[in-house]
Every structure is written in structure tokens, then in C-alpha cells.
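Chemist: I'd like to ask you about the structure that follows.
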There are 2 protein chains.
Amino acid sequence: MKKKQSDFHHGNLRAALLQAAFEILDEAGPDAITIREVARRSGVSHAAPVNHFKNRTELLTVVATILFRELDSAISAKLQTFPTTPADCVRSFANTLIAFGLEHPNRYQLLWRRDLVDNSDADLQAAMDGIYDKLISAIDLSKNKTRFDKHTFAIAIWSLAHGYVTMRLNQNFEPMNDSITGQSRQDAIIEAVILSLGT
Amino acid sequence: MKKKQSDFHHGNLRAALLQAAFEILDEAGPDAITIREVARRSGVSHAAPVNHFKNRTELLTVVATILFRELDSAISAKLQTFPTTPADCVRSFANTLIAFGLEHPNRYQLLWRRDLVDNSDADLQAAMDGIYDKLISAIDLSKNKTRFDKHTFAIAIWSLAHGYVTMRLNQNFEPMNDSITGQSRQDAIIEAVILSLGT
DNA sequence: AAACATATATTGACACTGTCAATATATGTT
DNA sequence: AACATATATTGACAGTGTCAATATATGTTT
């Protein structure tokens, strides 16, 4: 009396679990990603995932790392098209980051949920550092004397963009235009930081 | 055969539950605030809190509302001491908000955990709007023509400050000084935004 | 081919959670 | 005194993450 032979090994469970995690993330947000649900969607028992992710945090950390790389790609693509002035680079960076956040709210949120993700993870940090380095070297194109050093610019623009996305996703204000310049609020606040780039 | 008479009614359970919630928040962060734990600390059964908070979200929303008022008080205190230039007001606002976030990481985090808190709650929104209005009228002191309208400034400075706190709490960078101006990075990025205030 | 080690999956349990229904006991009002 | 209401308890249910014990495939060595 043989049991049915195959179907015990999934074959590529790790990838399946990750895909399920992404689906759940987009559908219902970071908190809905549970070990048991990704297992369920992968057609596997509730304890099977432990062989590929030692716990929930590790799974979510891997997901976040992939997302940071995705964001990195988007930023790189934008930056490499027109390697022009530092101001343009800063604009591109901020707009790409904000666009990513607004288009994929759930994905963006996970990136900053340090209760769900292990921020000391080496791969995750490397993914974040990659983005920062890209921003720094973009700013560094400038040969001019600037009012502040490049790290101040990088931190300022990243903080601004991140804060803006957070508050937009939180629905703290509506998107509108600046009543003086006529440009969008988003463009206006980015320009406000860029203005300080000059000597 | 009488049971022991008192001790059934707690007397002031609502206040006790809130106090417990704050203690847990400071000790272990927003996620550690559970209905059952606040009940336990208040010496009451696990289902007693329902009479005062209909569910966990309501409890956390009330906590967040109180925290926003606390932040409001801190900002008001700073602003009312020296009602000087708009630039000074913006500086005070940003520095007070950042100080609050860095001093009380767990409290600050809860304010932006929209998975735990009902952001459509009227009291909560009123508390947030109160802060925004205060910022707007502080900026509005200016009679000069400005480069952007007051809402752009308000959103820019709040986004910047919020983003900065988030990334500091996330340990994305260390506090350092700007190598050109010599001032702290925090002061530098605030100045970067303030520079754009002028015509 | 046989034996063994390893990787992968299952089953079942434990302690914890939020929430609900049913019940008990105070308090307040008529 | 009677009744309504506010407040608290008990017990249950469906979830969760994680662990230990077990089963089954795969890979390697002999």
C-alpha cells in the first residue's frame, strides 16, 4: 500500500512563499502577511515555511529587502537617463521615491515597519545603503561650492520625501497647487530644498 | 453567605486602563499594548475593558489623541515664548517635534501607526489639525512676499521633520555636523528649508 | 544496491491574542 | 421595593507564531 508518491516536496517552496507574501501585501497590507496564510496559499502545511524562513520577521525582512532593491532600480533608471545637474538628480530622486510610495502604499509602508522587519539585517542595510550612495554620488556631481555638505542635502531630501509620502498616505492633506508658483505642492516643497543647494 | 462586597467595581477603570497603556507603550512599544495586558495591570478581568473602549483600536486611538495634545502643548509652549519671525517659528516647530520624537520613540511611533489607530476619528483629527493650524498661523506672521505659500512651507517643514525623526529612529544615519557650516545636521536641514522662505 | 545523512514537509500542541455571548453584581432612578 | 442601567466575570471561538516529534523525500557515500 503505497501512499501517493509525489506532492510531498513542493519543489520551489521558498519562491512560492515569497510570491504569496507579495500578493497578500498588495491586497491587504503588511500585517496580513502571516506565516499560516502564505503556507495556505502555497498549498502546504502551516509549519512548512520554517525550512525556508526561520520566523515571520525573517520572511518580512526578505520581502522588504527585495522592495528596497525594486526602489533602487526605479531610482537608478530615472537617474541614468539624464545625468545632468545635481538639482535635477535631487528632483529625480525625490519624485521617484514619492511616486513609488503613492503607487504602492502597502509596499512602501512595509519598508518602515521596524516592528515587522529586522533593520539590523545585513542584506536589508546593504539595499538601503545602495540607495543612499546613489543619491550621494548624484549630488556630488557639483563642482561648485555649496552652502551645506552633500550629506546634509541627501538627508534633507530623503527626509522630506519620506515625510511627504507618509503624510499623504496618512491622508493628512490633499494634493493641491501652491497658490503663488502654481506648481504642485509636491514640486514646490522639493524646490524649497533645492533652492538651498546654491552658494 | 455573602461574597466579599467591594472590589467588583473598579471605580475608575477607564483612567487605569489608559495609564497602563501608557506604561506599556513606554516600556515595550505600541504592539505590546494588548487589551488583556492593560486589563491584567489594572487588576481586572480580560473582558472588562470593553465597557470603556469598544475594541483595541479605540483604546489606541484615544492614547494617540492624548499624545497629539501633548505634542501640541510642547509646541505651543515653545512658540509662545518668543513670537518673533516666521523663520524662528518654523525652527521652533521643527525642533520641538524632533525633540519629542527622539525623547519618546515609542510614543512618537504610535502617532503614525495607522494600522493600530483609527485615523478618521474626529478627536484624533482635531488634535492633529490643531497642530497644523498653529504652524500655519505662526508662518502667517510674515507680511513679506514669500516664494511659496504658507501651506507649502507648513507641509515642507512638517514632512522634513517627520522624515528626519523616522529615519533617526530607524537608525538610518548617525547624528553628525555639517562639514561646511559646522552646525548639527538637524539644524542644517531645517535651515535648508527656511532659506526658501525669503523672496 | 544498501546505508546513512540531510533537506523538506506534516501533525499536533502550547500560549497568546481580540472579540463575543451569557451571566453576575453593583449603582442609580423611579 | 422594583426596575433599568452600568460595570465586571466567565467561558468560548477562531486566529496567530513557534516548537517538538514525526514522516518522507533527496543526495552521498560506501
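Here's how to read the names in the C-alpha cells: chain A, B, ... by the order shown, residue numbers from 1 in each chain, ligand numbers from 1 in the order shown.
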Which neighbours of Pro86 of chain A fall inside 10 Å, counting only C-alpha atoms (C1' of nucleotides), when residues of the same chain fewer than 3 positions from it are skipped, and could you give them as a ChimeraX atom specification?
Modeler: /A:83,89-92,135-143,194,197
Chemist: Those same residues - C-alpha atoms - I'd like them written as a PDB file, in the first residue's frame.
Modeler:
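To be explicit, this is the file written out as result30.pdb:
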ATOM      1  CA  PRO A  83      22.909  62.720 -15.656  1.00  0.00           C
ATOM      2  CA  CYS A  89      19.306  64.475  -9.664  1.00  0.00           C
ATOM      3  CA  VAL A  90      17.756  65.521  -6.386  1.00  0.00           C
ATOM      4  CA  ARG A  91      14.463  66.202  -8.135  1.00  0.00           C
ATOM      5  CA  SER A  92      14.529  62.802  -9.813  1.00  0.00           C
ATOM      6  CA  LEU A 135      21.932  59.749  -4.038  1.00  0.00           C
ATOM      7  CA  ILE A 136      25.216  60.999  -2.623  1.00  0.00           C
ATOM      8  CA  SER A 137      27.172  60.482  -5.805  1.00  0.00           C
ATOM      9  CA  ALA A 138      24.398  62.138  -7.795  1.00  0.00           C
ATOM     10  CA  ILE A 139      24.638  65.225  -5.623  1.00  0.00           C
ATOM     11  CA  ASP A 140      28.397  65.049  -5.808  1.00  0.00           C
ATOM     12  CA  LEU A 141      28.374  65.946  -9.485  1.00  0.00           C
ATOM     13  CA  SER A 142      28.548  69.530  -8.404  1.00  0.00           C
ATOM     14  CA  LYS A 143      31.943  71.203  -8.537  1.00  0.00           C
ATOM     15  CA  ILE A 194      16.794  72.541  -3.876  1.00  0.00           C
ATOM     16  CA  LEU A 197      21.754  73.911  -2.876  1.00  0.00           C
TER      17      LEU A 197
END
Chemist: Give me, as an MDAnalysis selection string, the residues of chain B touching chain D, with the criterion being at most 10 Å (counting only C-alpha atoms (C1' of nucleotides)).
Modeler: chainID B and resid 7:11 13 44:52
Chemist: Find, counting only C-alpha atoms, the residue in B:Thr166, B:Ser73, B:Ser159, B:Ser42 that gets nearest to chain A.
Modeler: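 Answer, going by the shortest atom-to-atom distance: B:Ser159.
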Chemist: Taking only C-alpha atoms (C1' of nucleotides) into account, what are the residues of chain C at most 9 Å from chain B, put as a PyMOL selection string?
Modeler: chain C and resi 17-19+25-26
Chemist: Could you write those residues out with C-alpha atoms (C1' of nucleotides), as a compact mmCIF listing (two decimals), in the first residue's frame?
Modeler:
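Written file, result-v2.txt:
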# COMPACT_ATOMS: atom_id res chain seq x y z
C1' DT C 17 -4.39 37.36 21.07
C1' DG C 18 -9.30 40.11 20.09
C1' DT C 19 -13.88 39.60 20.38
C1' DT C 25 -23.24 42.13 40.50
C1' DA C 26 -23.19 46.76 41.64
Chemist: Smallest atom-to-atom distance to Gly198 of chain A: which of A:Trp112, A:Phe68, A:Phe153, A:Phe22, using only C-alpha atoms?
Modeler: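 Checking each candidate against Gly198 of chain A, we get A:Phe153 as the closest.
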Chemist: Residues of chain B within 6 Å of chain A, counting only C-alpha atoms, what are they? List them as a VMD selection string.
Modeler: chain B and resid 148 to 149 156 159 to 160 162 to 164 180 189 192 to 193 196
Chemist: What residues in chain A get the DSSP label alpha helix (DSSP H)? Please answer as a PyMOL selection string.
Modeler: chain A and resi 13-28+35-41+56-81+86-103+105-110+122-139+150-169+185-194
Chemist: Can you pull out every residue within 10 Å of Ser76 of chain B, counting only C-alpha atoms (C1' of nucleotides), but drop anything in the same chain fewer than 2 positions away, and send it as a PyMOL selection string?
Modeler: chain B and resi 70-74+78-81+92-93+96+131+134-135
Chemist: Would you mind exporting N, CA and C atoms of the selected residues as a PDB file, in the first residue's frame?
Modeler:
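This went into out27.pdb:
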ATOM      1  N   GLU B  70      -0.423  66.316  23.761  1.00  0.00           N
ATOM      2  CA  GLU B  70       0.831  66.514  24.500  1.00  0.00           C
ATOM      3  C   GLU B  70       1.845  67.221  23.607  1.00  0.00           C
ATOM      4  N   LEU B  71       1.938  66.746  22.372  1.00  0.00           N
ATOM      5  CA  LEU B  71       2.850  67.364  21.409  1.00  0.00           C
ATOM      6  C   LEU B  71       2.439  68.802  21.130  1.00  0.00           C
ATOM      7  N   ASP B  72       1.148  69.004  20.999  1.00  0.00           N
ATOM      8  CA  ASP B  72       0.615  70.343  20.767  1.00  0.00           C
ATOM      9  C   ASP B  72       1.048  71.288  21.894  1.00  0.00           C
ATOM     10  N   SER B  73       0.903  70.819  23.120  1.00  0.00           N
ATOM     11  CA  SER B  73       1.289  71.637  24.277  1.00  0.00           C
ATOM     12  C   SER B  73       2.768  72.011  24.211  1.00  0.00           C
ATOM     13  N   ALA B  74       3.590  71.023  23.880  1.00  0.00           N
ATOM     14  CA  ALA B  74       5.021  71.281  23.813  1.00  0.00           C
ATOM     15  C   ALA B  74       5.331  72.333  22.764  1.00  0.00           C
ATOM     16  N   LYS B  78       6.690  76.377  23.302  1.00  0.00           N
ATOM     17  CA  LYS B  78       7.882  76.909  22.635  1.00  0.00           C
ATOM     18  C   LYS B  78       7.535  78.134  21.795  1.00  0.00           C
ATOM     19  N   LEU B  79       6.418  78.056  21.109  1.00  0.00           N
ATOM     20  CA  LEU B  79       6.053  79.155  20.206  1.00  0.00           C
ATOM     21  C   LEU B  79       5.662  80.427  20.965  1.00  0.00           C
ATOM     22  N   GLN B  80       5.047  80.240  22.117  1.00  0.00           N
ATOM     23  CA  GLN B  80       4.525  81.416  22.807  1.00  0.00           C
ATOM     24  C   GLN B  80       5.594  82.209  23.544  1.00  0.00           C
ATOM     25  N   THR B  81       6.734  81.579  23.746  1.00  0.00           N
ATOM     26  CA  THR B  81       7.772  82.331  24.459  1.00  0.00           C
ATOM     27  C   THR B  81       8.318  83.484  23.627  1.00  0.00           C
ATOM     28  N   SER B  92      11.349  76.597  15.675  1.00  0.00           N
ATOM     29  CA  SER B  92      10.818  76.089  16.949  1.00  0.00           C
ATOM     30  C   SER B  92       9.941  74.865  16.730  1.00  0.00           C
ATOM     31  N   PHE B  93       9.065  74.994  15.746  1.00  0.00           N
ATOM     32  CA  PHE B  93       8.166  73.876  15.461  1.00  0.00           C
ATOM     33  C   PHE B  93       8.954  72.608  15.170  1.00  0.00           C
ATOM     34  N   THR B  96      11.014  71.245  18.155  1.00  0.00           N
ATOM     35  CA  THR B  96      10.182  70.670  19.212  1.00  0.00           C
ATOM     36  C   THR B  96       9.637  69.318  18.792  1.00  0.00           C
ATOM     37  N   ILE B 131      -2.528  71.254  15.654  1.00  0.00           N
ATOM     38  CA  ILE B 131      -1.100  71.499  15.487  1.00  0.00           C
ATOM     39  C   ILE B 131      -0.831  72.183  14.152  1.00  0.00           C
ATOM     40  N   LYS B 134      -1.760  75.813  14.187  1.00  0.00           N
ATOM     41  CA  LYS B 134      -0.789  76.584  14.961  1.00  0.00           C
ATOM     42  C   LYS B 134       0.434  76.902  14.102  1.00  0.00           C
ATOM     43  N   LEU B 135       0.842  75.905  13.341  1.00  0.00           N
ATOM     44  CA  LEU B 135       2.001  76.107  12.468  1.00  0.00           C
ATOM     45  C   LEU B 135       1.691  77.141  11.394  1.00  0.00           C
TER      46      LEU B 135
END
Chemist: Between A:Ile75, A:Leu116, A:Ala28, A:Leu110, which residue has the minimum interatomic distance to Ile98 of chain A, considering only C-alpha atoms?
Modeler: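 The answer is A:Ile75, which sits nearest to Ile98 of chain A.
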Chemist: Which value, in Å to one decimal, gives the distance between atom CA of Pro105 of chain A and atom CA of Arg69 of chain A?
Modeler: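 According to the coordinates, atom CA of Pro105 of chain A and atom CA of Arg69 of chain A are separated by 16.4 Å.
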